[in-house]
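J.: Dropping a structure here in structure tokens format, bear with me for questions.
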Amino acid sequence: MDTKEMIKIKQLNKSFGDLHVLKNIDMTVYESDVVCLIGSSGSGKSTLLRCLNFLERKDNGHIIIEGNEVNPRTDDLNKIREKVGMVFQNFNLFPHKTVLENIIEAPIMVKGVGKEKAIIKAKQLLKKVGLEDKSDVYPSKLSGGQKQRVAIARALAMEPDIMLFDEPTSALDPELVGEVLTTMKDLAEEGMTMVVVTHEMGFAREVADWIVYMHDGKIIERGTPEQFFNHPKEERTREFLTATM
Ligand code: ADP
Ligand code: MG
């Protein structure tokens, strides 16, 4: 059994001005766990992920990554982002770089990997996401599903220990959702620790080890997919499930 704590959040709070967006969040993610974070729009899911990757600064509380509490004022956040990869809804690829250049950029610039080594690794990753023939293409020539698979390959090129996904399929045409979810499922099966914000309940049910349901900045309920979908404890959760499914 895996018991290494990859992410531990204690009493995390975050406000934007007067808006209290994250309210005393406690959460632990163990090695190789897939946690699906669900909840209606505006409940704070993206802010929580962004705090985990230090794209947002928490107000107070503790964020402990692989046993080390992170202090954004004194720690090298690039080092932490090497361990915690992130994939966004809108891909965020560099439009003026080819697929290959997108993937090798950070390993070379941030990690100091040699160019040849970075290219070999990038090609392996493109193969893994089923895009080995696209290395010299510009993002504008790709479908949304292909862009997102490149974005996943780009995040993996940093060899992260944890991957965060913020609604990775929400911007995709319905027929392209499956290929991205399959890529994510493969990654989960390889043992990657993942936190996935998603509205894809089928994916959550099938792939997640844990479901965490947020509403209004708070974690309302958490459980295995079986517990969560079949026997929700909270009235709020039941309302959400009725409205979504
Ligand atoms: P979700 O991802 O669950 O839809 P978010 O974390 O994006 O929710 O947003 C939670 C709340 O915080 C929303 O009310 C949103 O408008 C607000 N919010 C998010 N980011 C910012 C920001 N940079 N400045 C001000 N308000 C923000
Ligand atoms: Mg969001």
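Quick note on naming: the chains in the structure tokens go A, B, ... in the order shown, residues restart at 1 in each chain, and ligands are numbered from 1 in order of appearance.
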Quick one: everything within 12 Å of A:Thr242, counting only C-alpha atoms, minus sequence neighbours fewer than 6 positions away in the same chain. Send it as an MDAnalysis selection string.

T.: chainID A and resid 229:230 232 235:236

J.: Export N, CA and C atoms of the chosen residues as a PDB file, in the first residue's frame?

T.:
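Saved file out-v3.pdb follows:
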```
ATOM      1  N   PHE A 229     -20.756   8.504  -5.321  1.00  0.00           N
ATOM      2  CA  PHE A 229     -21.830   8.529  -6.317  1.00  0.00           C
ATOM      3  C   PHE A 229     -23.048   7.703  -5.886  1.00  0.00           C
ATOM      4  N   ASN A 230     -22.795   6.630  -5.179  1.00  0.00           N
ATOM      5  CA  ASN A 230     -23.914   5.746  -4.835  1.00  0.00           C
ATOM      6  C   ASN A 230     -24.523   6.040  -3.476  1.00  0.00           C
ATOM      7  N   PRO A 232     -24.051   9.245  -1.392  1.00  0.00           N
ATOM      8  CA  PRO A 232     -23.600  10.546  -0.888  1.00  0.00           C
ATOM      9  C   PRO A 232     -24.212  10.828   0.482  1.00  0.00           C
ATOM     10  N   GLU A 235     -26.598  16.432   1.889  1.00  0.00           N
ATOM     11  CA  GLU A 235     -27.701  16.923   1.063  1.00  0.00           C
ATOM     12  C   GLU A 235     -27.174  17.717  -0.144  1.00  0.00           C
ATOM     13  N   ARG A 236     -26.168  18.581   0.126  1.00  0.00           N
ATOM     14  CA  ARG A 236     -25.553  19.386  -0.943  1.00  0.00           C
ATOM     15  C   ARG A 236     -25.047  18.525  -2.084  1.00  0.00           C
TER      16      ARG A 236
END
```

J.: Let me have all residues with an atom within 7 Å of ligand 1, counting only C-alpha atoms and all ligand atoms, laid out as a list of chain:residue names.

T.: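 Based on only C-alpha atoms and all ligand atoms, ligand 1 is surrounded within 7 Å by A:Phe16, A:Leu19, A:Val21, A:Gly39, A:Ser40, A:Ser41, A:Gly42, A:Ser43, A:Gly44, A:Lys45, A:Ser46, A:Thr47, A:Leu48.
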
J.: May I have the selected residues written with N, CA and C atoms, as a JSON list (two decimals), in the first residue's frame?

T.:
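That gives us again_38.json:
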```
[["chain", "number", "residue", "atom", "x", "y", "z"],
["A", 16, "PHE", "N", -9.81, 36.74, -2.41],
["A", 16, "PHE", "CA", -9.52, 37.80, -3.37],
["A", 16, "PHE", "C", -10.28, 39.02, -2.87],
["A", 19, "LEU", "N", -13.65, 38.59, -1.08],
["A", 19, "LEU", "CA", -14.23, 37.30, -1.45],
["A", 19, "LEU", "C", -13.39, 36.15, -0.88],
["A", 21, "VAL", "N", -12.46, 32.72, -0.88],
["A", 21, "VAL", "CA", -12.62, 31.70, -1.92],
["A", 21, "VAL", "C", -12.28, 30.29, -1.44],
["A", 39, "GLY", "N", -17.29, 20.04, -8.38],
["A", 39, "GLY", "CA", -18.06, 21.10, -7.74],
["A", 39, "GLY", "C", -18.47, 22.11, -8.77],
["A", 40, "SER", "N", -19.50, 22.89, -8.45],
["A", 40, "SER", "CA", -20.01, 23.81, -9.45],
["A", 40, "SER", "C", -19.02, 24.95, -9.70],
["A", 41, "SER", "N", -19.29, 25.68, -10.75],
["A", 41, "SER", "CA", -18.45, 26.79, -11.15],
["A", 41, "SER", "C", -18.39, 27.83, -10.03],
["A", 42, "GLY", "N", -17.19, 28.32, -9.75],
["A", 42, "GLY", "CA", -17.02, 29.34, -8.71],
["A", 42, "GLY", "C", -16.81, 28.78, -7.32],
["A", 43, "SER", "N", -16.75, 27.45, -7.19],
["A", 43, "SER", "CA", -16.60, 26.87, -5.85],
["A", 43, "SER", "C", -15.17, 26.91, -5.33],
["A", 44, "GLY", "N", -14.21, 27.25, -6.19],
["A", 44, "GLY", "CA", -12.83, 27.43, -5.72],
["A", 44, "GLY", "C", -11.86, 26.35, -6.18],
["A", 45, "LYS", "N", -12.30, 25.50, -7.12],
["A", 45, "LYS", "CA", -11.46, 24.38, -7.54],
["A", 45, "LYS", "C", -10.17, 24.86, -8.21],
["A", 46, "SER", "N", -10.30, 25.79, -9.15],
["A", 46, "SER", "CA", -9.10, 26.27, -9.85],
["A", 46, "SER", "C", -8.17, 26.99, -8.88],
["A", 47, "THR", "N", -8.75, 27.75, -7.98],
["A", 47, "THR", "CA", -7.91, 28.49, -7.02],
["A", 47, "THR", "C", -7.13, 27.50, -6.15],
["A", 48, "LEU", "N", -7.78, 26.42, -5.76],
["A", 48, "LEU", "CA", -7.08, 25.41, -4.97],
["A", 48, "LEU", "C", -5.92, 24.81, -5.76]]
```

J.: Hey, which of A:Lys8, A:Arg50, A:Lys97, A:Lys185 ends up closest to A:Leu164? Count only C-alpha atoms.

T.: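 Of all the options, A:Arg50 lies closest to A:Leu164.
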
J.: Counting only C-alpha atoms and all ligand atoms, which residue out of A:Cys51, A:Ile7, A:Val197, A:Val34 sits closest to ligand 2?

T.: A:Val197

J.: Report as JSON lines: every residue of stretch 165-211 of chain A with an atom at most 12 Å from stretch 53-76 of chain A, its closest pair of atoms, and their distance in Å to one decimal, counting only C-alpha atoms, with rows sorted by chain and ascending residue number.

T.:
```
{"residue": "A:Phe165", "atom": "CA", "partner": "A:Asn53", "partner_atom": "CA", "distance": 11.0}
{"residue": "A:Asp166", "atom": "CA", "partner": "A:Asn53", "partner_atom": "CA", "distance": 11.5}
{"residue": "A:Thr193", "atom": "CA", "partner": "A:Glu66", "partner_atom": "CA", "distance": 11.3}
{"residue": "A:Val195", "atom": "CA", "partner": "A:Asn53", "partner_atom": "CA", "distance": 11.4}
```
